[in-house]
Amino acid sequence: MEDPILISRLVLSFLNLIILLAIIYMFVKKYREIPSTFTLGFLLFALALFFRTLFAAPIIKIFVFGIPTASVVDPYRLIADVFELVSLLIFIYISTR
């Protein structure tokens, strides 16, 4: 597991999952205070994004195949993970204002 792209993707996926858990917690708390369909929609969106990030994480590929396999699209997935992290940080910043 010396592939720097794979390690970077693992770290970014972990950070994205942690941020998504924080967002889910935040919206569950808001929904309990004031139940609205708008908050419920954001909560369901965050849950769907959480599961998408979880199942797209490279750790799932390692568990399924047993050996971390390199792919020619991994650098592009790394870029997508970086943009997802930036988007989540913007989303959590706007949500907490």
# chains A, B, ... in the order shown; residues from 1 in each chain; ligands from 1

$ residues_around --residues "Leu54 of chain A" --least-positions-apart "4" --cutoff "10 Å" --atoms "only C-alpha atoms" --output "JSON, numbers by chain"
{"A": [13, 14, 16, 17, 48, 49, 50, 58, 59, 60]}

$ write_last_selection --atoms "N, CA, C and O atoms" --output "PDB file, in the first residue's frame"
ATOM      1  N   SER A  13     -11.233  10.417   1.661  1.00  0.00           N
ATOM      2  CA  SER A  13     -12.516   9.747   1.885  1.00  0.00           C
ATOM      3  C   SER A  13     -12.866   9.754   3.364  1.00  0.00           C
ATOM      4  O   SER A  13     -14.024   9.982   3.743  1.00  0.00           O
ATOM      5  N   PHE A  14     -11.878   9.503   4.205  1.00  0.00           N
ATOM      6  CA  PHE A  14     -12.114   9.525   5.648  1.00  0.00           C
ATOM      7  C   PHE A  14     -12.544  10.918   6.101  1.00  0.00           C
ATOM      8  O   PHE A  14     -13.502  11.056   6.871  1.00  0.00           O
ATOM      9  N   ASN A  16     -13.964  13.265   4.271  1.00  0.00           N
ATOM     10  CA  ASN A  16     -15.295  13.524   3.739  1.00  0.00           C
ATOM     11  C   ASN A  16     -16.369  12.824   4.560  1.00  0.00           C
ATOM     12  O   ASN A  16     -17.427  13.400   4.828  1.00  0.00           O
ATOM     13  N   LEU A  17     -16.103  11.591   4.981  1.00  0.00           N
ATOM     14  CA  LEU A  17     -17.080  10.867   5.790  1.00  0.00           C
ATOM     15  C   LEU A  17     -17.267  11.523   7.160  1.00  0.00           C
ATOM     16  O   LEU A  17     -18.395  11.618   7.660  1.00  0.00           O
ATOM     17  N   ALA A  48     -27.653  10.444   1.661  1.00  0.00           N
ATOM     18  CA  ALA A  48     -27.357   9.836   0.363  1.00  0.00           C
ATOM     19  C   ALA A  48     -25.900  10.086  -0.029  1.00  0.00           C
ATOM     20  O   ALA A  48     -25.208   9.185  -0.523  1.00  0.00           O
ATOM     21  N   LEU A  49     -25.421  11.295   0.211  1.00  0.00           N
ATOM     22  CA  LEU A  49     -24.031  11.617  -0.107  1.00  0.00           C
ATOM     23  C   LEU A  49     -23.071  10.839   0.783  1.00  0.00           C
ATOM     24  O   LEU A  49     -21.995  10.423   0.345  1.00  0.00           O
ATOM     25  N   PHE A  50     -23.459  10.613   2.037  1.00  0.00           N
ATOM     26  CA  PHE A  50     -22.638   9.820   2.940  1.00  0.00           C
ATOM     27  C   PHE A  50     -22.458   8.399   2.398  1.00  0.00           C
ATOM     28  O   PHE A  50     -21.337   7.882   2.334  1.00  0.00           O
ATOM     29  N   PRO A  58     -11.917   3.984  -1.355  1.00  0.00           N
ATOM     30  CA  PRO A  58     -11.000   2.910  -1.752  1.00  0.00           C
ATOM     31  C   PRO A  58     -10.912   1.783  -0.730  1.00  0.00           C
ATOM     32  O   PRO A  58     -10.542   0.670  -1.086  1.00  0.00           O
ATOM     33  N   ILE A  59     -11.279   2.042   0.509  1.00  0.00           N
ATOM     34  CA  ILE A  59     -11.221   0.984   1.526  1.00  0.00           C
ATOM     35  C   ILE A  59     -12.210  -0.127   1.205  1.00  0.00           C
ATOM     36  O   ILE A  59     -11.948  -1.299   1.483  1.00  0.00           O
ATOM     37  N   ILE A  60     -13.331   0.219   0.567  1.00  0.00           N
ATOM     38  CA  ILE A  60     -14.307  -0.792   0.159  1.00  0.00           C
ATOM     39  C   ILE A  60     -13.690  -1.687  -0.925  1.00  0.00           C
ATOM     40  O   ILE A  60     -13.852  -2.910  -0.902  1.00  0.00           O
TER      41      ILE A  60
END

$ residues_around --residues "Val72 of chain A" --least-positions-apart "5" --cutoff "12 Å" --atoms "only C-alpha atoms" --output "list of chain:residue names"
A:Ile5, A:Leu6, A:Arg77, A:Leu78

$ atom_distance --atom1 "atom CA of Ile7 of chain A" --atom2 "atom CA of Ala22 of chain A"
22.9 Å

$ atom_distance --atom1 "atom CA of Val11 of chain A" --atom2 "atom CA of Ala57 of chain A"
9.7 Å

$ closest_residue --among "A:Ile23, A:Leu10, A:Leu47, A:Leu40" --to "Ser95 of chain A" --atoms "only C-alpha atoms"
A:Ile23

$ residues_around --residues "Lys30 of chain A" --least-positions-apart "6" --cutoff "10 Å" --atoms "only C-alpha atoms" --output "number ranges by chain"
A: 24, 36, 39-40, 43

$ closest_residue --among "A:Phe27, A:Phe51, A:Ser8, A:Leu20" --to "Thr96 of chain A" --atoms "only C-alpha atoms"
A:Phe27

$ select_by_dssp --residues "chain A" --states "alpha helix (DSSP H)" --output "PyMOL selection string"
chain A and resi 4-33+37-56+58-65+74-95
